[in-house]
file target09.cif (mmCIF, C-alpha atoms)
data_my_file
loop_
_atom_site.label_atom_id
_atom_site.label_comp_id
_atom_site.auth_asym_id
_atom_site.auth_seq_id
_atom_site.Cartn_x
_atom_site.Cartn_y
_atom_site.Cartn_z
CA MET U 1 116.01 98.55 118.64
CA TRP U 2 116.59 94.81 118.85
CA LYS U 3 117.33 93.60 122.39
CA THR U 4 119.94 91.09 121.29
CA ALA U 5 123.62 90.80 120.55
CA ALA U 6 125.03 90.88 117.04
CA VAL U 7 126.63 87.88 115.40
CA ALA U 8 130.30 88.18 114.54
CA VAL U 9 130.79 87.05 110.96
CA ALA U 10 133.92 86.76 108.87
CA ILE U 11 133.88 86.14 105.14
CA ALA U 12 136.34 83.83 103.40
CA ILE U 13 136.73 84.08 99.63
CA THR U 14 136.90 80.60 98.17
CA ALA U 15 136.94 79.18 94.68
CA GLY U 16 133.21 78.59 94.96
CA GLY U 17 132.37 82.21 95.70
CA LEU U 18 131.67 84.09 98.93
CA THR U 19 131.23 81.72 101.85
CA PRO U 20 130.43 83.08 105.32
CA ALA U 21 132.26 81.67 108.33
CA VAL U 22 130.44 82.34 111.58
CA ALA U 23 132.30 83.04 114.80
CA SER U 24 129.28 82.45 117.04
CA GLY U 25 125.61 81.64 116.77
CA PRO U 26 122.88 84.25 117.19
CA ARG U 27 121.59 85.22 120.61
CA TRP U 28 117.83 85.15 120.41
CA GLY U 29 115.71 87.28 122.66
CA PRO U 30 112.34 89.05 122.92
CA CYS U 31 111.27 91.12 119.90
CA ASP U 32 110.50 94.81 120.21
CA ASP U 33 107.46 94.41 117.96
CA GLU U 34 104.36 93.71 120.04
CA ALA U 35 102.71 91.46 117.45
CA LEU U 36 105.85 89.33 117.15
CA ARG U 37 106.05 88.97 120.93
CA ALA U 38 102.39 88.00 121.12
CA ALA U 39 102.97 85.30 118.49
CA GLY U 40 105.86 83.83 120.49
CA ALA U 41 108.54 84.91 118.02
CA ASP U 42 112.07 85.75 119.03
CA CYS U 43 114.53 88.16 117.45
CA THR U 44 118.22 88.73 116.93
CA THR U 45 120.65 90.70 114.82
CA VAL U 46 123.25 89.49 112.35
CA ARG U 47 126.14 91.66 111.21
CA VAL U 48 127.18 91.45 107.55
CA PRO U 49 129.82 93.23 105.46
CA LEU U 50 128.67 96.39 103.75
CA ASP U 51 130.77 95.28 100.78
CA HIS U 52 131.04 91.50 100.55
CA LEU U 53 134.16 91.87 98.41
CA ASN U 54 135.78 93.78 101.30
CA PRO U 55 134.71 91.71 104.32
CA ASP U 56 137.04 93.48 106.75
CA GLY U 57 135.54 96.90 106.02
CA ARG U 58 132.38 98.50 107.30
CA SER U 59 129.39 96.36 108.24
CA VAL U 60 125.60 96.50 108.40
CA GLN U 61 123.50 95.11 111.24
CA LEU U 62 120.43 93.18 110.09
CA ALA U 63 117.28 92.57 112.13
CA VAL U 64 116.03 88.96 112.05
CA SER U 65 112.92 87.32 113.52
CA ARG U 66 111.98 83.66 113.99
CA LEU U 67 108.79 81.69 114.50
CA LYS U 68 110.08 78.35 115.74
CA ALA U 69 109.04 74.99 114.33
CA ASP U 70 107.71 72.10 116.40
CA PRO U 71 110.98 70.50 117.62
CA ALA U 72 109.59 67.02 117.00
CA LYS U 73 108.77 67.82 113.36
CA ARG U 74 111.46 70.34 112.39
CA ARG U 75 113.17 69.88 109.02
CA GLY U 76 114.95 73.24 108.59
CA VAL U 77 114.53 76.97 108.11
CA LEU U 78 112.25 78.87 105.72
CA LEU U 79 113.60 82.35 104.93
CA THR U 80 111.02 84.82 103.61
CA ASN U 81 110.78 88.17 101.87
CA PRO U 82 107.60 90.22 101.22
CA GLY U 83 108.87 92.12 98.16
CA GLY U 84 109.39 95.80 97.60
CA PRO U 85 112.14 96.76 97.65
CA GLY U 86 112.00 99.10 100.60
CA GLY U 87 109.86 97.43 103.22
CA PRO U 88 110.88 95.52 106.35
CA GLY U 89 110.35 91.77 106.53
CA THR U 90 110.69 90.81 110.19
CA THR U 91 106.90 90.76 110.69
CA TYR U 92 106.23 88.95 107.40
CA PRO U 93 106.17 85.47 109.03
CA LEU U 94 103.03 86.62 110.88
CA ASP U 95 101.34 87.39 107.54
CA LEU U 96 102.36 84.02 106.12
CA LYS U 97 101.49 81.86 109.11
CA PRO U 98 97.77 81.44 108.27
CA LEU U 99 98.74 80.22 104.79
CA LEU U 100 101.61 77.99 105.90
CA GLY U 101 99.52 75.62 107.98
CA GLU U 102 101.51 72.45 108.68
CA VAL U 103 104.57 74.02 107.02
CA ALA U 104 105.01 76.29 110.05
CA GLN U 105 105.39 73.20 112.25
CA GLN U 106 108.25 71.85 110.15
CA TYR U 107 110.26 75.02 109.52
CA ASP U 108 111.62 77.85 111.60
CA VAL U 109 110.03 80.71 109.64
CA ILE U 110 112.59 83.51 109.37
CA GLY U 111 111.80 87.17 108.70
CA ILE U 112 114.52 89.65 107.76
CA ASP U 113 114.70 93.41 107.43
CA PRO U 114 117.08 93.57 104.44
CA ARG U 115 119.96 96.03 104.50
CA PHE U 116 118.87 99.68 104.61
CA MET U 117 115.24 98.72 105.35
CA GLY U 118 113.22 98.68 108.56
CA ALA U 119 115.52 98.22 111.56
CA SER U 120 118.56 97.24 109.46
CA ASP U 121 120.52 100.52 109.32
CA PRO U 122 117.74 102.22 107.31
CA ALA U 123 118.48 104.47 104.36
CA ASP U 124 117.72 108.17 104.80
CA CYS U 125 117.10 110.81 102.16
CA GLY U 126 115.14 113.15 104.42
CA LEU U 127 111.40 113.58 104.82
CA VAL U 128 109.39 113.35 101.62
CA ARG U 129 105.78 113.04 100.58
CA PRO U 130 105.17 109.99 98.36
CA SER U 131 103.17 112.32 96.13
CA ASP U 132 106.38 114.22 95.40
CA LEU U 133 108.14 111.08 94.16
CA PHE U 134 105.47 109.03 92.44
CA ARG U 135 104.25 111.37 89.71
CA SER U 136 103.52 111.00 85.99
CA SER U 137 102.06 113.59 83.67
CA LEU U 138 101.48 114.33 80.00
CA ASN U 139 101.69 118.01 80.88
CA ARG U 140 105.22 119.42 80.43
CA GLN U 141 104.84 121.89 83.29
CA ASP U 142 103.77 119.09 85.68
CA PHE U 143 106.58 116.88 84.39
CA ASN U 144 109.19 119.59 85.01
CA ARG U 145 107.89 120.10 88.54
CA ALA U 146 108.07 116.35 89.18
CA SER U 147 111.67 116.35 87.90
CA LYS U 148 112.67 119.11 90.32
CA LEU U 149 111.04 117.32 93.26
CA ALA U 150 112.78 114.05 92.37
CA ALA U 151 116.18 115.75 92.00
CA LYS U 152 115.73 117.47 95.37
CA PHE U 153 114.95 114.17 97.08
CA VAL U 154 117.96 112.39 95.55
CA ALA U 155 120.26 115.26 96.57
CA GLY U 156 119.28 114.66 100.20
CA CYS U 157 120.32 110.99 100.20
CA ASN U 158 123.21 109.92 102.40
CA GLY U 159 125.13 108.07 99.72
CA ASN U 160 128.16 106.60 101.45
CA ARG U 161 126.38 103.25 101.91
CA LEU U 162 123.79 103.33 99.14
CA PRO U 163 126.08 102.11 96.34
CA TYR U 164 125.83 98.74 98.13
CA ALA U 165 122.03 98.63 97.88
CA SER U 166 121.62 95.74 95.45
CA ILE U 167 119.63 92.54 95.23
CA ARG U 168 122.85 90.55 94.96
CA ASN U 169 124.15 91.96 98.22
CA VAL U 170 120.85 91.08 99.92
CA ALA U 171 121.22 87.52 98.59
CA ARG U 172 124.75 87.41 100.03
CA ASP U 173 123.41 88.73 103.33
CA MET U 174 120.90 85.86 103.33
CA ASP U 175 123.74 83.39 103.04
CA VAL U 176 125.52 84.98 106.01
CA ILE U 177 122.26 84.57 107.95
CA ARG U 178 122.07 80.92 106.82
CA ALA U 179 125.54 80.31 108.20
CA ALA U 180 124.75 82.22 111.41
CA LEU U 181 121.76 79.93 111.93
CA GLY U 182 124.02 76.91 111.56
CA GLU U 183 122.16 75.55 108.53
CA GLN U 184 123.75 73.82 105.56
CA LYS U 185 120.78 74.74 103.36
CA ILE U 186 117.77 77.05 103.43
CA SER U 187 114.26 76.81 102.09
CA TYR U 188 112.70 80.03 100.88
CA TYR U 189 109.49 81.84 99.94
CA GLY U 190 109.52 85.32 98.40
CA VAL U 191 107.02 87.36 96.40
CA SER U 192 107.59 90.02 93.70
CA TRP U 193 111.03 91.56 94.33
CA GLY U 194 111.35 88.89 97.01
CA GLY U 195 110.77 86.26 94.31
CA ASP U 196 113.55 87.81 92.24
CA LEU U 197 115.74 87.70 95.36
CA GLY U 198 115.19 83.97 95.66
CA VAL U 199 116.21 83.45 92.04
CA VAL U 200 119.38 85.50 92.56
CA TYR U 201 120.22 83.53 95.71
CA SER U 202 119.80 80.26 93.79
CA GLN U 203 122.22 81.53 91.15
CA LEU U 204 124.87 82.67 93.62
CA PHE U 205 124.51 79.78 96.08
CA PRO U 206 122.89 76.84 94.26
CA GLN U 207 124.37 74.29 96.67
CA ARG U 208 122.68 76.03 99.61
CA VAL U 209 119.05 75.63 98.42
CA ASP U 210 116.67 73.00 99.78
CA ARG U 211 113.12 74.03 98.74
CA MET U 212 112.50 77.34 96.97
CA VAL U 213 109.20 79.01 96.04
CA VAL U 214 109.23 82.26 94.04
CA ASP U 215 105.93 84.06 93.57
CA SER U 216 105.19 86.66 90.88
CA VAL U 217 108.73 87.15 89.60
CA THR U 218 109.78 89.90 87.21
CA ASP U 219 112.48 89.88 84.54
CA VAL U 220 115.29 89.02 86.93
CA GLU U 221 118.04 89.75 84.41
CA GLY U 222 116.47 93.00 83.22
CA SER U 223 116.82 96.59 84.39
CA GLU U 224 114.29 98.07 86.78
CA TYR U 225 113.79 100.71 84.09
CA HIS U 226 112.38 97.94 81.93
CA HIS U 227 109.92 97.08 84.70
CA LEU U 228 108.71 100.54 85.67
CA ALA U 229 109.03 102.76 82.62
CA THR U 230 105.93 101.52 80.85
CA GLY U 231 102.24 101.62 81.67
CA GLU U 232 101.25 99.03 79.07
CA ARG U 233 100.16 96.40 81.60
CA ALA U 234 98.39 98.98 83.77
CA GLU U 235 96.38 100.05 80.71
CA ALA U 236 95.34 96.43 80.13
CA ALA U 237 94.33 96.10 83.78
CA PHE U 238 92.30 99.30 83.54
CA ASP U 239 90.52 98.03 80.41
CA GLU U 240 89.60 94.83 82.25
CA TRP U 241 88.21 96.83 85.16
CA ALA U 242 86.41 99.24 82.81
CA ALA U 243 84.64 96.36 81.07
CA TRP U 244 83.63 94.95 84.46
CA VAL U 245 82.28 98.26 85.76
CA ALA U 246 80.48 99.03 82.49
CA TRP U 247 78.28 95.98 83.12
CA ARG U 248 77.32 97.64 86.41
CA ASP U 249 76.49 101.08 85.06
CA ASP U 250 73.19 101.06 86.95
CA GLN U 251 75.26 100.93 90.16
CA TYR U 252 78.25 103.17 89.41
CA HIS U 253 77.13 105.32 86.42
CA PHE U 254 80.55 105.54 84.72
CA GLY U 255 79.29 104.52 81.29
CA ARG U 256 77.96 101.46 79.47
CA THR U 257 81.15 100.71 77.52
CA GLY U 258 84.80 100.51 78.41
CA MET U 259 85.54 103.60 76.31
CA GLN U 260 82.85 105.58 78.11
CA VAL U 261 84.25 104.51 81.48
CA ARG U 262 87.75 105.58 80.41
CA ALA U 263 86.47 108.96 79.26
CA THR U 264 84.64 109.45 82.57
CA VAL U 265 87.68 108.62 84.67
CA LYS U 266 89.80 111.11 82.72
CA THR U 267 87.51 113.90 83.94
CA ILE U 268 88.62 113.46 87.57
CA THR U 269 89.83 116.84 88.81
CA SER U 270 89.85 116.26 92.56
CA LEU U 271 93.39 114.82 92.36
CA ASP U 272 96.57 116.34 90.96
CA SER U 273 96.78 115.02 87.37
CA ALA U 274 100.39 113.97 87.94
CA VAL U 275 99.32 111.83 90.93
CA LEU U 276 96.17 110.32 89.41
CA PRO U 277 97.93 107.52 87.43
CA TRP U 278 99.60 106.21 90.60
CA ALA U 279 96.34 106.43 92.57
CA LEU U 280 94.47 104.41 89.97
CA GLN U 281 97.26 101.88 89.45
CA SER U 282 97.41 101.09 93.16
CA ALA U 283 93.92 99.54 92.97
CA LEU U 284 94.35 97.63 89.71
CA GLY U 285 96.72 94.89 90.84
CA ASP U 286 94.13 92.38 92.09
CA GLU U 287 90.68 91.64 90.72
CA THR U 288 89.31 91.34 94.26
CA ASP U 289 89.71 95.14 94.52
CA ARG U 290 87.29 95.96 91.68
CA HIS U 291 84.43 97.10 93.93
CA LEU U 292 86.86 99.09 96.07
CA MET U 293 88.27 100.89 93.05
CA ALA U 294 84.79 101.64 91.74
CA ARG U 295 83.73 103.17 95.07
CA ASN U 296 86.88 105.27 95.24
CA VAL U 297 86.63 106.47 91.63
CA ARG U 298 83.00 107.40 92.25
CA ALA U 299 84.09 109.39 95.30
CA LEU U 300 86.85 111.14 93.33
CA LEU U 301 84.39 112.09 90.60
CA ASP U 302 81.89 113.44 93.14
CA GLY U 303 84.49 115.20 95.27
CA LYS U 304 83.56 113.01 98.24
CA SER U 305 85.45 110.59 100.48
CA THR U 306 85.63 106.98 101.53
CA ALA U 307 87.55 105.58 104.49
CA GLU U 308 89.98 103.83 102.14
CA LEU U 309 90.48 106.93 100.01
CA ASP U 310 91.07 109.11 103.05
CA ALA U 311 93.66 106.65 104.39
CA TRP U 312 95.43 106.59 101.01
CA LYS U 313 95.48 110.40 100.81
CA GLN U 314 96.82 110.64 104.35
CA GLN U 315 99.74 108.38 103.42
CA TYR U 316 100.35 109.79 99.97
CA PHE U 317 100.33 113.47 100.87
CA SER U 318 102.04 113.39 104.28
CA THR U 319 105.68 113.36 105.38
CA ASP U 320 105.79 110.30 107.57
CA PRO U 321 109.32 109.29 108.73
CA MET U 322 108.66 105.57 108.21
CA LEU U 323 107.33 106.10 104.69
CA SER U 324 110.25 108.42 103.93
CA ARG U 325 112.73 105.71 104.92
CA PHE U 326 110.79 103.22 102.82
CA ALA U 327 111.04 105.60 99.87
CA ALA U 328 114.79 106.06 100.38
CA ALA U 329 115.47 102.31 100.35
CA SER U 330 113.10 101.75 97.43
CA VAL U 331 114.78 104.45 95.35
CA ALA U 332 118.27 103.18 96.17
CA PHE U 333 117.59 99.55 95.25
CA THR U 334 115.51 100.51 92.21
CA CYS U 335 117.86 103.10 90.74
CA ASN U 336 121.23 101.44 91.40
CA ASP U 337 121.28 99.33 88.25
CA ASN U 338 122.84 100.62 85.05
CA GLY U 339 119.74 100.47 82.87
CA TRP U 340 118.30 103.84 83.82
CA PRO U 341 118.85 106.80 81.44
CA ARG U 342 120.54 109.85 82.96
CA GLY U 343 118.70 113.16 83.08
CA SER U 344 114.98 113.77 82.64
CA THR U 345 114.95 114.23 78.83
CA PRO U 346 114.75 110.48 77.96
CA TYR U 347 111.86 110.08 80.39
CA TRP U 348 109.91 112.91 78.78
CA ARG U 349 110.53 111.24 75.41
CA ASP U 350 109.10 108.01 76.86
CA VAL U 351 105.98 109.86 77.96
CA GLN U 352 105.53 111.41 74.52
CA ARG U 353 106.26 108.15 72.70
CA THR U 354 103.59 106.27 74.64
CA ARG U 355 100.97 109.01 75.03
CA GLU U 356 98.64 107.38 72.48
CA THR U 357 98.99 103.78 73.68
CA GLU U 358 99.19 104.64 77.39
CA PRO U 359 96.96 107.70 77.82
CA LEU U 360 96.26 107.11 81.53
CA PHE U 361 99.39 105.32 82.74
CA HIS U 362 102.27 107.22 81.18
CA MET U 363 104.46 105.90 83.97
CA THR U 364 107.85 107.36 84.81
CA PHE U 365 110.08 107.11 87.86
CA LEU U 366 112.10 110.29 87.83
CA PRO U 367 114.35 109.83 90.91
CA CYS U 368 116.41 107.40 88.83
CA ALA U 369 117.10 110.15 86.30
CA PHE U 370 119.21 111.93 88.94
CA TRP U 371 120.65 108.96 90.83
CA LYS U 372 124.45 108.96 90.77
CA TYR U 373 125.27 105.57 92.33
CA HIS U 374 125.22 102.49 90.13
CA THR U 375 126.40 98.92 90.54
CA SER U 376 129.87 98.06 89.29
CA GLU U 377 129.03 94.37 89.04
CA PRO U 378 128.39 92.80 85.62
CA GLU U 379 124.87 91.74 84.75
CA LEU U 380 123.86 88.45 86.32
CA ALA U 381 122.88 85.70 83.89
CA ILE U 382 120.34 83.23 85.29
CA GLY U 383 120.68 79.53 84.53
CA ASN U 384 121.11 76.71 87.04
CA GLU U 385 119.75 73.29 87.98
CA VAL U 386 118.22 74.23 91.34
CA PRO U 387 114.74 72.71 91.80
CA MET U 388 112.31 75.60 92.22
CA LEU U 389 108.56 76.21 92.22
CA ILE U 390 107.49 79.34 90.32
CA VAL U 391 103.89 80.50 90.88
CA GLN U 392 102.35 83.28 88.81
CA ALA U 393 99.03 84.89 87.91
CA GLU U 394 98.37 84.84 84.18
CA ARG U 395 96.87 88.36 84.17
CA ASP U 396 99.31 90.00 86.56
CA ASN U 397 100.53 93.50 85.73
CA ILE U 398 103.89 91.72 85.47
CA PRO U 399 103.98 89.99 82.06
CA LEU U 400 103.50 86.22 82.28
CA ARG U 401 106.23 85.73 79.69
CA TRP U 402 108.85 86.77 82.24
CA ALA U 403 107.96 83.77 84.44
CA GLN U 404 107.84 81.53 81.37
CA GLU U 405 111.27 82.71 80.23
CA LEU U 406 112.67 82.16 83.73
CA HIS U 407 111.19 78.65 83.78
CA ALA U 408 112.93 77.90 80.47
CA LYS U 409 116.30 78.95 81.94
CA LEU U 410 115.87 76.70 84.98
CA PRO U 411 115.43 73.11 83.71
CA ASN U 412 114.57 71.70 87.16
CA SER U 413 111.94 74.33 87.92
CA THR U 414 108.17 73.88 87.89
CA LEU U 415 105.85 76.70 86.76
CA LYS U 416 102.33 76.82 88.20
CA THR U 417 100.02 79.54 86.82
CA ILE U 418 96.52 80.62 87.75
CA ASP U 419 93.99 82.48 85.59
CA ARG U 420 93.36 85.64 87.57
CA ARG U 421 94.60 89.20 87.98
CA ALA U 422 96.81 89.31 91.04
CA HIS U 423 100.36 90.02 92.11
CA GLY U 424 101.21 87.46 94.76
CA VAL U 425 99.25 84.21 94.43
CA TYR U 426 100.21 82.09 97.45
CA GLU U 427 96.69 82.26 98.88
CA TYR U 428 95.24 80.94 95.61
CA VAL U 429 97.71 78.06 95.17
CA SER U 430 98.50 77.32 98.82
CA THR U 431 97.87 73.57 98.44
CA THR U 432 100.49 73.36 95.68
CA VAL U 433 103.02 75.51 97.58
CA ASN U 434 102.58 73.73 100.89
CA ASP U 435 102.71 70.24 99.37
CA TYR U 436 105.99 71.25 97.73
CA LEU U 437 107.48 72.62 100.95
CA LEU U 438 106.34 69.61 102.96
CA ARG U 439 106.76 66.68 100.60
#
call {"tool": "encode", "arguments": {"input": "target09.cif", "output": "structure tokens"}}
result
Amino acid sequence: MWKTAAVAVAIAITAGGLTPAVASGPRWGPCDDEALRAAGADCTTVRVPLDHLNPDGRSVQLAVSRLKADPAKRRGVLLTNPGGPGGPGTTYPLDLKPLLGEVAQQYDVIGIDPRFMGASDPADCGLVRPSDLFRSSLNRQDFNRASKLAAKFVAGCNGNRLPYASIRNVARDMDVIRAALGEQKISYYGVSWGGDLGVVYSQLFPQRVDRMVVDSVTDVEGSEYHHLATGERAEAAFDEWAAWVAWRDDQYHFGRTGMQVRATVKTITSLDSAVLPWALQSALGDETDRHLMARNVRALLDGKSTAELDAWKQQYFSTDPMLSRFAAASVAFTCNDNGWPRGSTPYWRDVQRTRETEPLFHMTFLPCAFWKYHTSEPELAIGNEVPMLIVQAERDNIPLRWAQELHAKLPNSTLKTIDRRAHGVYEYVSTTVNDYLLR
């Protein structure tokens, strides 16, 4: 897909860890993506070991993009990651450019499709509808059906590479890219899972970090099961929205109290009850979406449509190859850690245990119940002296305490919070982020 040559990379194991030695620099050329070409970006590929502990074995080819700095002002490279896991990142510099301002003149802004995502040897588990993977239900019959669909999807995964789908391996890939670019150090911006990735990179390669910004981090040391197996924060977000919409009952007619709004929403029958929690949660992450969620809930109650709702249904209930590859990578990276219980029984117990406290968002992620590949690496403890800027929304669906605990483990870090509901806050604290990257 990428009209460029790969970079030959060898890995030498030294006392300081895994250090890439580059045989030749990257050959940049035109990007296949039309938007990247229009923006003047160029693209290349970088080849990395599938298993960094076996550098002479199989390899993975990574797609990389670059928006070049002003040569007269250039200070280095800014690697980026949009989160996920599962989505490509080569076009992410285009999304960031309006926020970067002067930063984009001083850094080559680098986008990467991480291993098994986008154009980087994508994972494949066959075609799947997102609605067959992202399901939660208090009904045992629905739950059993969701379990069978998840097990079927996992059985279709090509697993000979997927054991190497881990955030640590992506961090190691980033360091190979750093070396391929001929840089002694990188600067970095990543959000959500991409923020976690930055933290992991700083732990593995502290001497290679210049400026690092991590946005909306999770519990980097914790299992993904810890992150996804509870709907507690989604319930709090719903209560906040319900209180907001109750004040506008003359407009939306859901009820005059939060409890009345909740009761009204639970009467929605135009969506599969096992899909409804995921549909509602998708609109609760940012307070700027409150009107949008209200319009869509009204349409669901009335059995009508909106443009946004129709687009969501088209994605959620179709078998799109791109979305299927996204799902495969997301499942692999999410389920590969050792914290997930095996078999569906513990997940049903979770649903029953939380049915009173989480009546709408009894969240489960059943593909991990059947996943058979898990990392053999020990848990990674975070604690280093790398200077780092952590930015976080105080009412994110990700608990604020996770960012606070990370800040406590990193004595040279700075934590900047903002009082709003959002996941990804660069646009709200861009002055702070850009001043840090520039000065």
call {"tool": "atom_distance", "arguments": {"input": "target09.cif", "atom1": "CA of Asp396 in chain U", "atom2": "CA of Gly285 in chain U"}}
result
7.0 Å
call {"tool": "closest_residue", "arguments": {"input": "target09.cif", "among": "U:Asp173, U:Asp272, U:Asp113, U:Glu34", "to": "Val64 in chain U", "atoms": "only C-alpha atoms"}}
result
U:Asp113
call {"tool": "residues_around", "arguments": {"input": "target09.cif", "residues": "Ser324 in chain U", "least_positions_apart": "2", "cutoff": "8 Å", "atoms": "all atoms listed in the file", "output": "list of chain:residue names"}}
result
U:Asp124, U:Cys125, U:Gly126, U:Leu127, U:Val128, U:Arg129, U:Pro130, U:Thr319, U:Asp320, U:Pro321, U:Met322, U:Phe326, U:Ala327, U:Ala328
call {"tool": "write_last_selection", "arguments": {"input": "target09.cif", "atoms": "C-alpha atoms", "output": "PDB file, in the coordinates of the input"}}
result
ATOM      1  CA  ASP U 124     117.720 108.170 104.800  1.00  0.00           C
ATOM      2  CA  CYS U 125     117.100 110.810 102.160  1.00  0.00           C
ATOM      3  CA  GLY U 126     115.140 113.150 104.420  1.00  0.00           C
ATOM      4  CA  LEU U 127     111.400 113.580 104.820  1.00  0.00           C
ATOM      5  CA  VAL U 128     109.390 113.350 101.620  1.00  0.00           C
ATOM      6  CA  ARG U 129     105.780 113.040 100.580  1.00  0.00           C
ATOM      7  CA  PRO U 130     105.170 109.990  98.360  1.00  0.00           C
ATOM      8  CA  THR U 319     105.680 113.360 105.380  1.00  0.00           C
ATOM      9  CA  ASP U 320     105.790 110.300 107.570  1.00  0.00           C
ATOM     10  CA  PRO U 321     109.320 109.290 108.730  1.00  0.00           C
ATOM     11  CA  MET U 322     108.660 105.570 108.210  1.00  0.00           C
ATOM     12  CA  PHE U 326     110.790 103.220 102.820  1.00  0.00           C
ATOM     13  CA  ALA U 327     111.040 105.600  99.870  1.00  0.00           C
ATOM     14  CA  ALA U 328     114.790 106.060 100.380  1.00  0.00           C
TER      15      ALA U 328
END
call {"tool": "residues_around", "arguments": {"input": "target09.cif", "residues": "Gln251 in chain U", "least_positions_apart": "5", "cutoff": "10 Å", "atoms": "only C-alpha atoms", "output": "list in words"}}
result
Val245, Ala246 and Ala294 of chain U
call {"tool": "write_last_selection", "arguments": {"input": "target09.cif", "atoms": "C-alpha atoms", "output": "mmCIF file, in the coordinates of the input"}}
result
data_model
loop_
_atom_site.group_PDB
_atom_site.id
_atom_site.type_symbol
_atom_site.label_atom_id
_atom_site.label_comp_id
_atom_site.auth_asym_id
_atom_site.auth_seq_id
_atom_site.Cartn_x
_atom_site.Cartn_y
_atom_site.Cartn_z
ATOM 1 C CA VAL U 245 82.280 98.260 85.760
ATOM 2 C CA ALA U 246 80.480 99.030 82.490
ATOM 3 C CA ALA U 294 84.790 101.640 91.740
#
call {"tool": "resolve_selection", "arguments": {"input": "target09.cif", "expression": "the PyMOL selection byres ((chain U and resi 131-145) around 8)", "output": "NGL selection string"}}
result
:U and (128-130 or 146-150 or 273-275 or 277-278 or 316-317 or 348 or 351-352 or 355 or 361-367)
call {"tool": "resolve_selection", "arguments": {"input": "target09.cif", "expression": "the PyMOL selection byres ((chain U and resi 265) around 12)", "output": "number ranges by chain"}}
result
U: 238-239, 241-242, 245, 252-255, 258-264, 266-271, 273, 276-277, 279-280, 293-294, 296-302, 359-360
call {"tool": "resolve_selection", "arguments": {"input": "target09.cif", "expression": "the PyMOL selection byres ((chain U and resi 237) around 12)", "output": "MDAnalysis selection string"}}
result
chainID U and resid 231:236 238:244 258 280:287 289:290 358 360:361 394:399 420:423
call {"tool": "atom_distance", "arguments": {"input": "target09.cif", "atom1": "CA of Asp196 in chain U", "atom2": "CA of Thr218 in chain U"}}
result
6.6 Å
call {"tool": "closest_residue", "arguments": {"input": "target09.cif", "among": "U:Asn81, U:Asp51, U:Thr90, U:Gln314", "to": "Arg66 in chain U", "atoms": "all atoms listed in the file"}}
result
U:Thr90
call {"tool": "atom_distance", "arguments": {"input": "target09.cif", "atom1": "CA of Leu50 in chain U", "atom2": "CA of Ser192 in chain U"}}
result
24.2 Å
call {"tool": "closest_residue", "arguments": {"input": "target09.cif", "among": "U:Ala104, U:Ala35, U:Leu96, U:Ala171", "to": "Val48 in chain U", "atoms": "all atoms listed in the file"}}
result
U:Ala171
call {"tool": "residues_around", "arguments": {"input": "target09.cif", "residues": "Tyr92 in chain U", "least_positions_apart": "2", "cutoff": "9 Å", "atoms": "all atoms listed in the file", "output": "PDB file with C-alpha atoms, in the coordinates of the input"}}
result
ATOM      1  CA  THR U  80     111.020  84.820 103.610  1.00  0.00           C
ATOM      2  CA  ASN U  81     110.780  88.170 101.870  1.00  0.00           C
ATOM      3  CA  PRO U  82     107.600  90.220 101.220  1.00  0.00           C
ATOM      4  CA  PRO U  88     110.880  95.520 106.350  1.00  0.00           C
ATOM      5  CA  GLY U  89     110.350  91.770 106.530  1.00  0.00           C
ATOM      6  CA  THR U  90     110.690  90.810 110.190  1.00  0.00           C
ATOM      7  CA  LEU U  94     103.030  86.620 110.880  1.00  0.00           C
ATOM      8  CA  ASP U  95     101.340  87.390 107.540  1.00  0.00           C
ATOM      9  CA  LEU U  96     102.360  84.020 106.120  1.00  0.00           C
ATOM     10  CA  LYS U  97     101.490  81.860 109.110  1.00  0.00           C
ATOM     11  CA  ILE U 110     112.590  83.510 109.370  1.00  0.00           C
ATOM     12  CA  GLY U 111     111.800  87.170 108.700  1.00  0.00           C
ATOM     13  CA  ILE U 112     114.520  89.650 107.760  1.00  0.00           C
TER      14      ILE U 112
END
call {"tool": "closest_residue", "arguments": {"input": "target09.cif", "among": "U:Pro85, U:Gly343, U:Pro30, U:Pro387", "to": "Leu197 in chain U", "atoms": "all atoms listed in the file"}}
result
U:Pro85
call {"tool": "closest_residue", "arguments": {"input": "target09.cif", "among": "U:Val176, U:Leu100, U:Val213, U:Met117", "to": "Pro55 in chain U", "atoms": "only C-alpha atoms"}}
result
U:Val176
call {"tool": "closest_residue", "arguments": {"input": "target09.cif", "among": "U:Asn338, U:Gln184, U:Ser59, U:Thr354", "to": "Glu221 in chain U", "atoms": "only C-alpha atoms"}}
result
U:Asn338
call {"tool": "build_atoms", "arguments": {"input": "target09.cif", "residues": "range 371-375 of chain U", "atoms": "N, CA and C atoms", "output": "mmCIF file, in the coordinates of the input"}}
result
data_model
loop_
_atom_site.group_PDB
_atom_site.id
_atom_site.type_symbol
_atom_site.label_atom_id
_atom_site.label_comp_id
_atom_site.auth_asym_id
_atom_site.auth_seq_id
_atom_site.Cartn_x
_atom_site.Cartn_y
_atom_site.Cartn_z
ATOM 1 N N TRP U 371 119.903 109.818 89.918
ATOM 2 C CA TRP U 371 120.650 108.960 90.830
ATOM 3 C C TRP U 371 122.080 108.804 90.335
ATOM 4 N N LYS U 372 123.052 108.965 91.220
ATOM 5 C CA LYS U 372 124.450 108.960 90.770
ATOM 6 C C LYS U 372 125.223 107.717 91.185
ATOM 7 N N TYR U 373 124.587 106.795 91.916
ATOM 8 C CA TYR U 373 125.270 105.570 92.330
ATOM 9 C C TYR U 373 124.750 104.400 91.516
ATOM 10 N N HIS U 374 125.643 103.630 90.937
ATOM 11 C CA HIS U 374 125.220 102.490 90.130
ATOM 12 C C HIS U 374 126.156 101.315 90.379
ATOM 13 N N THR U 375 125.625 100.117 90.259
ATOM 14 C CA THR U 375 126.400 98.920 90.540
ATOM 15 C C THR U 375 127.594 98.814 89.589
#
